[in-house]
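*Asks:* Input file: run24.txt. Contents: compact mmCIF, C-alpha atoms.
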```
# COMPACT_ATOMS: atom_id res chain seq x y z
CA MET A 1 108.21 81.34 65.47
CA ALA A 2 104.87 79.79 64.59
CA GLN A 3 105.35 77.16 67.31
CA LYS A 4 106.06 79.90 69.89
CA ALA A 5 102.98 81.84 68.85
CA GLY A 6 100.94 78.65 69.09
CA SER A 7 102.15 78.04 72.65
CA TYR A 8 101.19 81.60 73.65
CA LEU A 9 97.74 81.07 72.12
CA GLU A 10 97.34 77.82 74.02
CA ILE A 11 98.26 79.55 77.31
CA TYR A 12 95.76 82.33 76.55
CA ARG A 13 92.98 79.83 75.84
CA ARG A 14 93.73 77.93 79.02
CA TYR A 15 93.77 80.99 81.27
CA LYS A 16 91.15 83.09 79.45
CA PRO A 17 88.44 82.42 82.10
CA HIS A 18 90.92 83.36 84.85
CA LEU A 19 91.84 86.63 83.11
CA LEU A 20 88.20 87.54 82.52
CA MET A 21 87.29 86.92 86.18
CA VAL A 22 90.20 89.09 87.34
CA LEU A 23 88.93 91.93 85.13
CA ALA A 24 85.42 91.35 86.50
CA GLN A 25 86.68 91.80 90.07
CA VAL A 26 88.45 95.03 89.10
CA GLY A 27 85.12 96.24 87.67
CA TYR A 28 83.31 95.33 90.90
CA THR A 29 85.93 97.20 92.93
CA PHE A 30 85.01 100.53 91.34
CA LEU A 31 81.32 99.67 91.73
CA TYR A 32 81.69 99.62 95.53
CA ILE A 33 83.12 103.15 95.46
CA PHE A 34 80.71 104.63 92.88
CA THR A 35 77.58 103.30 94.56
CA GLU A 36 78.54 104.60 97.99
CA ALA A 37 79.27 107.99 96.43
CA CYS A 38 75.90 108.23 94.65
CA PHE A 39 73.98 106.97 97.71
CA ASN A 40 75.71 109.52 99.92
CA HIS A 41 74.72 112.09 97.30
CA GLY A 42 71.09 111.14 97.96
CA MET A 43 70.13 108.69 95.21
CA ASN A 44 67.56 106.06 96.15
CA PRO A 45 69.17 102.56 96.01
CA GLN A 46 66.03 100.93 94.57
CA VAL A 47 65.85 103.54 91.79
CA HIS A 48 69.54 102.94 91.10
CA ILE A 49 68.94 99.18 90.73
CA THR A 50 66.03 99.78 88.34
CA TYR A 51 67.86 102.27 86.13
CA ARG A 52 71.12 100.32 85.96
CA HIS A 53 69.36 97.20 84.70
CA ILE A 54 67.39 99.16 82.14
CA VAL A 55 70.74 100.51 80.89
CA ALA A 56 72.22 97.00 80.90
CA GLY A 57 69.28 95.57 78.94
CA ILE A 58 69.43 98.32 76.30
CA VAL A 59 73.21 97.93 75.86
CA MET A 60 73.17 94.11 75.70
CA PHE A 61 70.08 93.72 73.50
CA PRO A 62 71.68 94.32 70.05
CA PHE A 63 74.62 92.00 70.85
CA ALA A 64 72.25 89.28 72.06
CA TYR A 65 69.88 89.67 69.10
CA PHE A 66 72.46 89.52 66.31
CA HIS A 67 75.19 87.33 67.83
CA GLU A 68 72.88 84.57 69.15
CA ARG A 69 70.17 84.81 66.52
CA LYS A 70 70.86 81.30 65.16
CA THR A 71 71.87 79.57 68.40
CA ARG A 72 69.30 81.01 70.82
CA PRO A 73 66.65 78.44 71.87
CA LYS A 74 62.98 79.31 71.66
CA LEU A 75 61.72 81.08 74.78
CA THR A 76 58.99 78.86 76.21
CA PHE A 77 56.79 79.68 79.18
CA SER A 78 58.82 77.37 81.44
CA PHE A 79 62.05 79.12 80.36
CA PHE A 80 60.44 82.50 81.07
CA LEU A 81 59.45 81.41 84.59
CA GLU A 82 63.00 80.15 85.15
CA ILE A 83 64.48 83.46 84.03
CA PHE A 84 61.92 85.30 86.19
CA VAL A 85 63.16 83.42 89.28
CA LEU A 86 66.78 84.03 88.22
CA SER A 87 66.01 87.76 88.02
CA ILE A 88 64.57 87.73 91.53
CA LEU A 89 67.62 85.94 92.93
CA GLY A 90 70.21 87.88 90.95
CA VAL A 91 68.64 91.35 90.68
CA SER A 92 65.59 92.47 92.60
CA LEU A 93 65.81 90.55 95.90
CA THR A 94 69.58 90.16 96.25
CA LEU A 95 70.63 93.65 95.17
CA ASN A 96 67.96 95.37 97.26
CA MET A 97 69.15 93.52 100.38
CA TYR A 98 72.74 94.20 99.37
CA PHE A 99 72.34 97.97 99.00
CA ALA A 100 70.13 98.21 102.07
CA SER A 101 72.95 96.64 104.09
CA LEU A 102 75.43 99.17 102.66
CA ARG A 103 73.65 101.88 104.69
CA TYR A 104 74.68 100.18 107.94
CA THR A 105 78.09 98.73 107.09
CA SER A 106 81.04 99.74 104.89
CA PRO A 107 82.37 98.83 101.42
CA THR A 108 85.36 97.10 103.03
CA PHE A 109 83.02 94.89 105.08
CA HIS A 110 81.01 94.06 101.96
CA ALA A 111 84.06 93.18 99.93
CA ALA A 112 85.28 90.85 102.70
CA VAL A 113 82.00 89.05 103.47
CA VAL A 114 81.26 88.50 99.77
CA ASN A 115 84.07 85.91 99.81
CA THR A 116 81.73 83.52 101.62
CA ILE A 117 79.66 83.20 98.42
CA ALA A 118 82.24 80.66 97.19
CA SER A 119 81.79 78.54 100.34
CA LEU A 120 78.00 78.83 100.27
CA THR A 121 77.95 77.96 96.57
CA PHE A 122 80.14 74.94 97.29
CA ILE A 123 77.79 73.72 100.06
CA ILE A 124 74.73 74.03 97.83
CA ALA A 125 76.61 72.36 94.93
CA VAL A 126 77.49 69.41 97.20
CA LEU A 127 73.87 69.07 98.32
CA LEU A 128 72.74 69.07 94.69
CA ARG A 129 75.57 66.66 93.75
CA LEU A 130 77.22 69.14 91.42
CA GLU A 131 80.40 68.80 93.50
CA GLU A 132 81.92 65.60 94.88
CA VAL A 133 83.62 65.39 98.29
CA ASN A 134 85.90 62.49 99.19
CA LEU A 135 86.83 62.80 102.88
CA ARG A 136 89.46 60.08 102.47
CA SER A 137 91.59 62.29 100.22
CA PRO A 138 93.51 65.48 101.20
CA ARG A 139 91.67 67.52 98.55
CA GLY A 140 88.26 66.51 99.95
CA ILE A 141 89.33 67.41 103.51
CA ALA A 142 90.72 70.75 102.24
CA LYS A 143 87.39 71.65 100.61
CA VAL A 144 85.35 70.87 103.73
CA LEU A 145 87.85 72.55 106.08
CA GLY A 146 88.04 75.62 103.82
CA THR A 147 84.26 75.95 103.84
CA VAL A 148 84.09 75.76 107.64
CA VAL A 149 86.96 78.26 108.09
CA SER A 150 85.31 80.72 105.68
CA LEU A 151 82.04 80.57 107.61
CA VAL A 152 83.96 81.15 110.88
CA GLY A 153 85.53 84.22 109.30
CA VAL A 154 82.24 85.76 108.21
CA THR A 155 80.74 85.03 111.65
CA THR A 156 83.67 86.88 113.21
CA MET A 157 83.11 89.93 110.99
CA THR A 158 79.37 89.88 111.65
CA LEU A 159 79.49 89.65 115.45
CA TYR A 160 82.78 91.46 116.18
CA LYS A 161 83.38 94.95 114.86
CA GLY A 162 86.42 95.89 116.94
CA PRO A 163 88.21 99.22 117.25
CA ALA A 164 88.86 101.36 114.18
CA ILE A 165 92.39 101.69 112.80
CA LYS A 166 93.63 105.25 112.62
CA ASN A 167 94.10 106.65 109.11
CA LEU A 168 97.68 107.41 108.17
CA TRP A 169 96.82 110.56 106.21
CA HIS A 170 93.88 112.63 105.01
CA PRO A 171 91.77 111.04 102.28
CA LEU A 172 92.94 111.80 98.74
CA VAL A 173 89.34 111.84 97.44
CA HIS A 174 86.42 113.29 99.39
CA ILE A 175 82.93 111.87 98.81
CA GLN A 176 80.56 114.69 99.59
CA GLY A 177 77.04 114.27 100.87
CA LYS A 178 75.25 112.48 103.65
CA SER A 179 77.34 109.72 105.18
CA ALA A 180 75.86 106.28 105.59
CA ASN A 181 74.75 105.21 109.08
CA HIS A 182 77.25 102.54 110.14
CA GLU A 183 75.95 102.24 113.68
CA ASN A 184 73.51 99.33 113.20
CA TRP A 185 76.27 96.91 112.21
CA LEU A 186 74.34 93.73 113.13
CA LYS A 187 71.29 94.68 111.02
CA GLY A 188 73.49 95.45 108.03
CA SER A 189 75.44 92.21 108.52
CA ILE A 190 72.29 90.07 108.58
CA LEU A 191 70.94 91.73 105.43
CA PHE A 192 74.21 91.23 103.60
CA VAL A 193 74.66 87.59 104.64
CA ALA A 194 71.09 86.95 103.43
CA SER A 195 71.98 88.52 100.08
CA CYS A 196 75.08 86.26 99.88
CA ILE A 197 72.87 83.19 100.36
CA THR A 198 70.47 84.20 97.58
CA TRP A 199 73.47 85.12 95.39
CA SER A 200 74.90 81.62 95.88
CA ILE A 201 71.58 80.04 94.89
CA TRP A 202 71.60 82.30 91.81
CA TYR A 203 75.04 81.04 90.73
CA ILE A 204 73.93 77.41 91.07
CA MET A 205 70.68 78.01 89.20
CA GLN A 206 72.61 79.69 86.36
CA ALA A 207 74.53 76.46 85.76
CA PHE A 208 71.27 74.52 85.32
CA THR A 209 69.66 77.19 83.14
CA LEU A 210 72.67 77.52 80.80
CA LYS A 211 72.55 73.80 80.04
CA ARG A 212 69.01 74.22 78.70
CA TYR A 213 69.38 77.77 77.41
CA PRO A 214 72.99 78.09 76.13
CA ALA A 215 72.77 81.76 75.14
CA PRO A 216 74.55 83.87 77.82
CA LEU A 217 74.06 87.20 76.02
CA SER A 218 70.33 86.66 75.65
CA LEU A 219 70.05 85.41 79.22
CA THR A 220 71.85 88.52 80.49
CA THR A 221 69.48 90.75 78.49
CA TRP A 222 66.36 88.97 79.72
CA MET A 223 67.50 89.10 83.36
CA SER A 224 68.27 92.81 83.03
CA PHE A 225 64.84 93.78 81.67
CA ILE A 226 62.85 91.45 83.94
CA GLY A 227 64.94 92.41 86.99
CA ALA A 228 64.42 96.10 86.20
CA ALA A 229 60.64 95.57 86.03
CA GLN A 230 60.64 93.67 89.35
CA SER A 231 62.75 96.33 91.01
CA ALA A 232 60.50 99.10 89.63
CA VAL A 233 57.43 97.48 91.23
CA PHE A 234 59.31 97.09 94.52
CA THR A 235 60.47 100.73 94.37
CA VAL A 236 56.97 102.06 93.69
CA ILE A 237 55.71 100.22 96.77
CA LEU A 238 58.43 101.65 99.03
CA GLU A 239 59.09 105.06 97.49
CA HIS A 240 56.08 107.32 96.95
CA LYS A 241 57.93 110.51 95.95
CA PRO A 242 58.14 111.08 92.17
CA ALA A 243 61.23 113.25 92.73
CA ALA A 244 63.19 110.11 93.74
CA TRP A 245 63.11 108.95 90.09
CA THR A 246 64.83 112.14 88.87
CA ILE A 247 68.60 112.06 88.48
CA GLY A 248 70.86 114.86 87.31
CA PHE A 249 73.97 114.82 85.15
CA ASN A 250 76.17 114.12 88.18
CA ILE A 251 77.61 111.18 90.14
CA ASP A 252 74.12 109.58 90.21
CA PHE A 253 74.04 109.43 86.41
CA TRP A 254 77.62 108.20 85.93
CA ALA A 255 77.35 105.59 88.67
CA THR A 256 74.14 104.26 87.09
CA VAL A 257 75.68 104.12 83.61
CA TYR A 258 78.84 102.42 84.91
CA ALA A 259 76.88 99.89 86.98
CA GLY A 260 74.53 99.15 84.07
CA VAL A 261 77.06 98.81 81.24
CA VAL A 262 80.03 97.30 83.10
CA CYS A 263 78.57 95.38 86.06
CA SER A 264 75.00 94.38 85.17
CA GLY A 265 75.86 93.94 81.48
CA LEU A 266 79.45 93.00 80.66
CA ILE A 267 80.43 91.35 83.96
CA ILE A 268 77.23 89.31 84.23
CA PHE A 269 77.86 88.02 80.69
CA ILE A 270 81.46 87.15 81.66
CA GLN A 271 80.23 85.28 84.73
CA LEU A 272 77.66 83.36 82.70
CA TRP A 273 80.29 82.40 80.13
CA CYS A 274 82.75 81.29 82.83
CA THR A 275 79.96 79.36 84.61
CA GLU A 276 79.27 77.52 81.36
CA GLU A 277 82.99 76.80 80.89
CA LYS A 278 84.20 76.13 84.45
CA GLY A 279 81.18 75.81 86.72
CA PRO A 280 79.58 78.06 89.37
CA VAL A 281 82.19 77.48 92.11
CA PHE A 282 85.01 78.68 89.81
CA VAL A 283 83.25 82.02 89.25
CA THR A 284 83.12 82.72 92.98
CA MET A 285 86.82 81.92 93.51
CA PHE A 286 88.05 85.39 92.56
CA ASN A 287 86.14 87.47 95.12
CA PRO A 288 89.19 87.94 97.43
CA LEU A 289 90.82 90.08 94.74
CA SER A 290 88.12 92.74 95.06
CA THR A 291 88.45 92.50 98.87
CA ILE A 292 92.08 93.61 98.66
CA LEU A 293 91.43 96.30 96.05
CA VAL A 294 88.43 97.77 97.90
CA ALA A 295 90.31 97.80 101.21
CA VAL A 296 93.20 99.68 99.58
CA LEU A 297 90.93 102.20 97.86
CA ALA A 298 88.60 102.71 100.82
CA TYR A 299 91.32 103.11 103.45
CA PHE A 300 94.16 104.86 101.62
CA VAL A 301 92.23 106.90 99.01
CA LEU A 302 88.77 107.59 100.49
CA GLY A 303 89.70 107.63 104.18
CA GLU A 304 87.18 104.87 105.03
CA LYS A 305 87.47 103.53 108.57
CA LEU A 306 89.01 100.06 108.74
CA TYR A 307 87.97 97.94 111.73
CA THR A 308 90.04 95.19 113.31
CA GLY A 309 87.07 92.81 113.20
CA SER A 310 86.85 93.20 109.43
CA ILE A 311 90.59 92.61 109.02
CA LEU A 312 90.64 89.54 111.28
CA GLY A 313 87.51 88.02 109.76
CA GLY A 314 88.66 88.86 106.23
CA VAL A 315 91.98 87.08 106.72
CA ILE A 316 90.17 84.00 108.09
CA VAL A 317 87.73 84.03 105.16
CA ILE A 318 90.52 84.27 102.58
CA VAL A 319 92.52 81.44 104.22
CA GLY A 320 89.42 79.25 104.21
CA LEU A 321 88.58 80.16 100.64
CA TYR A 322 92.01 79.25 99.33
CA LEU A 323 91.87 75.91 101.15
CA LEU A 324 88.66 75.34 99.19
CA LEU A 325 90.32 76.48 95.98
CA TRP A 326 93.31 74.22 96.55
CA GLY A 327 90.97 71.25 96.90
CA LYS A 328 89.09 72.29 93.76
CA ASP A 329 92.33 72.59 91.81
CA ARG A 330 93.48 69.12 92.92
CA ASP A 331 90.05 67.76 91.91
CA GLN A 332 90.45 69.19 88.43
CA GLU A 333 93.94 67.71 88.08
CA ALA A 334 92.63 64.32 89.22
CA ARG A 335 89.80 64.46 86.67
CA ILE A 336 92.23 65.36 83.90
CA GLY A 337 94.49 62.49 85.00
CA ARG A 338 91.60 60.03 84.98
CA GLY A 339 90.57 61.29 81.54
CA GLU A 340 94.07 60.85 80.13
CA GLN A 341 94.38 57.42 81.73
CA SER A 342 91.04 56.27 80.31
CA TYR A 343 92.07 57.62 76.92
CA LEU A 344 95.34 55.66 77.06
CA VAL A 345 93.49 52.49 78.07
CA TYR A 346 90.98 53.05 75.28
CA ASP A 347 93.80 53.74 72.80
CA HIS A 348 95.69 50.63 73.95
CA LYS A 349 92.57 48.51 73.46
CA ASN A 350 92.10 49.90 69.97
CA ASP A 351 95.77 49.19 69.16
CA SER A 352 95.37 45.61 70.40
CA LYS A 353 92.24 45.11 68.32
CA ALA A 354 93.93 46.58 65.26
CA HIS A 355 96.97 44.35 65.80
CA LYS A 356 94.79 41.22 66.11
CA THR A 357 92.83 42.16 62.99
CA LEU A 358 96.04 42.77 61.03
CA SER A 359 97.51 39.43 62.20
CA ALA A 360 94.35 37.60 61.20
CA GLU A 361 94.40 39.21 57.77
CA ARG A 362 98.06 38.22 57.30
CA GLU A 363 97.36 34.61 58.32
CA GLY A 364 94.43 34.50 55.95
CA SER A 365 96.49 35.83 53.05
CA GLN A 366 99.31 33.31 53.76
CA SER A 367 96.89 30.34 53.77
CA GLU A 368 95.51 31.26 50.37
CA PRO A 369 97.00 29.18 47.39
```
Just dump the structure as structure tokens.
*Replies:*
Amino acid sequence: MAQKAGSYLEIYRRYKPHLLMVLAQVGYTFLYIFTEACFNHGMNPQVHITYRHIVAGIVMFPFAYFHERKTRPKLTFSFFLEIFVLSILGVSLTLNMYFASLRYTSPTFHAAVVNTIASLTFIIAVLLRLEEVNLRSPRGIAKVLGTVVSLVGVTTMTLYKGPAIKNLWHPLVHIQGKSANHENWLKGSILFVASCITWSIWYIMQAFTLKRYPAPLSLTTWMSFIGAAQSAVFTVILEHKPAAWTIGFNIDFWATVYAGVVCSGLIIFIQLWCTEEKGPVFVTMFNPLSTILVAVLAYFVLGEKLYTGSILGGVIVIVGLYLLLWGKDRDQEARIGRGEQSYLVYDHKNDSKAHKTLSAEREGSQSEP
């Protein structure tokens, strides 16, 4: 019984990062729906970004303060500048471009194009020598081919919208308010692809920062507060109406609380932890799950229009992504194999040395009178 429980525990430990990333994608799926609802209701996207990160910082602060009190490194000026840049890439710049693009595209489009973050992250990781590519092996070819296919898919979705697919029935849930303008598809696509590029850089930079500042809770809290301040300055410059900062006890409030606690707080911490454990490319591997979930919710539940260009490009992106993931998985197996082989060689050498030492001691004891 104890052996069986131990095997279950071992399986849980092995697949814990995978389980956490699946839950993170489920959390992001509801974010797509909630944010479109509150923006259609009239909430300013920049105000939403500011408030949600204030909420995230307040929620995460006590956990970061008490849990990492003994392990948290001292915050130097260089660390602060690094976190400031991380906040720009992960909060103020990226999210503002992201939500601006949502006005011109759809949640289904967003959920599909976001899959290219894995390919972009892989390209940047190769350039920075965080990933190795051996074009003489099938796994190296799969990683390069998967990256190219993914980029072809996102180009297809960006340049080709295609006809809309007719809804099978009336939407089960109606989102009231002003609908987003989906006519300027190219403008929205460019903004969103730009946000994917900065997001990819953010994932890579996290890996470097966590090596020097191994306190994911504290890092999440700092990025939330600094990102909220940056976004507030940006919002003040663009939005001059004080009424834009007022939110009622409605979908605006609940969407902000959900985005702050779940997405900007809990999920960012999960991603940082998984980045520390598995690397930045692993974290981006699970984006296709939210693509499927958002497409199902948007089309079948909310009555969102589904375009053939998004479907075609999304399928191409997912095929390319899983080619990349297959190559990554084979890489990990090869590294584990090399590690076990080197361990066996090392162990064999130690056994040989021990055997020679024991034989020498025996010969010495036999020669004694």
*Asks:* Applying 12 Å and only C-alpha atoms, which residues near segment 310-313 of chain A remain after dropping the ones on its own chain fewer than 3 positions away? List them as a short mmCIF file (atom, residue, chain, number, x, y, z; two decimals) with C-alpha atoms, keeping the file's coordinate frame.
*Replies:*
```cif
data_model
loop_
_atom_site.label_atom_id
_atom_site.label_comp_id
_atom_site.auth_asym_id
_atom_site.auth_seq_id
_atom_site.Cartn_x
_atom_site.Cartn_y
_atom_site.Cartn_z
CA THR A 105 78.09 98.73 107.09
CA SER A 106 81.04 99.74 104.89
CA PRO A 107 82.37 98.83 101.42
CA THR A 108 85.36 97.10 103.03
CA PHE A 109 83.02 94.89 105.08
CA HIS A 110 81.01 94.06 101.96
CA ALA A 111 84.06 93.18 99.93
CA ALA A 112 85.28 90.85 102.70
CA VAL A 113 82.00 89.05 103.47
CA VAL A 114 81.26 88.50 99.77
CA ASN A 115 84.07 85.91 99.81
CA THR A 116 81.73 83.52 101.62
CA VAL A 149 86.96 78.26 108.09
CA SER A 150 85.31 80.72 105.68
CA LEU A 151 82.04 80.57 107.61
CA VAL A 152 83.96 81.15 110.88
CA GLY A 153 85.53 84.22 109.30
CA VAL A 154 82.24 85.76 108.21
CA THR A 155 80.74 85.03 111.65
CA THR A 156 83.67 86.88 113.21
CA MET A 157 83.11 89.93 110.99
CA THR A 158 79.37 89.88 111.65
CA LEU A 159 79.49 89.65 115.45
CA TYR A 160 82.78 91.46 116.18
CA LYS A 161 83.38 94.95 114.86
CA GLY A 162 86.42 95.89 116.94
CA PRO A 163 88.21 99.22 117.25
CA ALA A 164 88.86 101.36 114.18
CA ILE A 165 92.39 101.69 112.80
CA TRP A 185 76.27 96.91 112.21
CA SER A 189 75.44 92.21 108.52
CA THR A 291 88.45 92.50 98.87
CA ILE A 292 92.08 93.61 98.66
CA ALA A 295 90.31 97.80 101.21
CA TYR A 299 91.32 103.11 103.45
CA LYS A 305 87.47 103.53 108.57
CA LEU A 306 89.01 100.06 108.74
CA TYR A 307 87.97 97.94 111.73
CA ILE A 316 90.17 84.00 108.09
CA VAL A 317 87.73 84.03 105.16
CA ILE A 318 90.52 84.27 102.58
CA VAL A 319 92.52 81.44 104.22
CA GLY A 320 89.42 79.25 104.21
#
```
*Asks:* Considering all atoms listed in the file, state which residue in the set A:Gly6, A:Pro280, A:Gly314, A:Pro62 is at the smallest distance from Ile201 of chain A.
*Replies:*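 Nearest candidate to Ile201 of chain A out of A:Gly6, A:Pro280, A:Gly314, A:Pro62: A:Pro280.
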*Asks:* What's the separation between atom CA of Ala64 of chain A and atom CA of Trp199 of chain A, in Å to one decimal place?
*Replies:*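 Separation of atom CA of Ala64 of chain A and atom CA of Trp199 of chain A: 23.7 Å.
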*Asks:* For a test of reading the model, state the distance in Å between atom CA of Thr76 of chain A and atom CA of Gly57 of chain A, rounded to one decimal.
*Replies:*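 Atom CA of Thr76 of chain A sits 19.8 Å away from atom CA of Gly57 of chain A.
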*Asks:* Do you have the atom CA of Leu323 of chain A-atom CA of Lys211 of chain A distance handy?
*Replies:*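 Distance reported for this atom pair: 28.7 Å.
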*Asks:* Need the axis-aligned box for segment 228-243 of chain A with 4 Å each side, so what are the centre and edges in Å to one decimal, as lines of an AutoDock Vina configuration file?
*Replies:*
```
center_x = 60.1
center_y = 103.5
center_z = 92.5
size_x = 16.7
size_y = 27.6
size_z = 21.0
```
*Asks:* Identify which of the residues A:Asp252, A:Gly327, A:Cys274, A:Glu304 lies closest to His41 of chain A, counting only C-alpha atoms when measuring atom-to-atom distances.
*Replies:*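 Checking each of A:Asp252, A:Gly327, A:Cys274, A:Glu304 against His41 of chain A, counting only C-alpha atoms, the winner is A:Asp252.
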*Asks:* Between A:Thr35, A:Thr220, A:Ser87, A:Asn134, which one has atoms that come closest to Phe63 of chain A, using all atoms listed in the file?
*Replies:*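 Checking each candidate against Phe63 of chain A, we get A:Thr220 as the closest.
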*Asks:* May I have the residues within 9 Å of Val281 of chain A as a list in words, using all atoms listed in the file and disregarding those fewer than 6 positions away in the same chain?
*Replies:*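 Residues near the query, excluding close chain neighbours: Ile117, Ala118, Ser119, Thr121, Phe122, Ala125, Glu131, Tyr203, Ile204, Thr275 and Lys328 of chain A.
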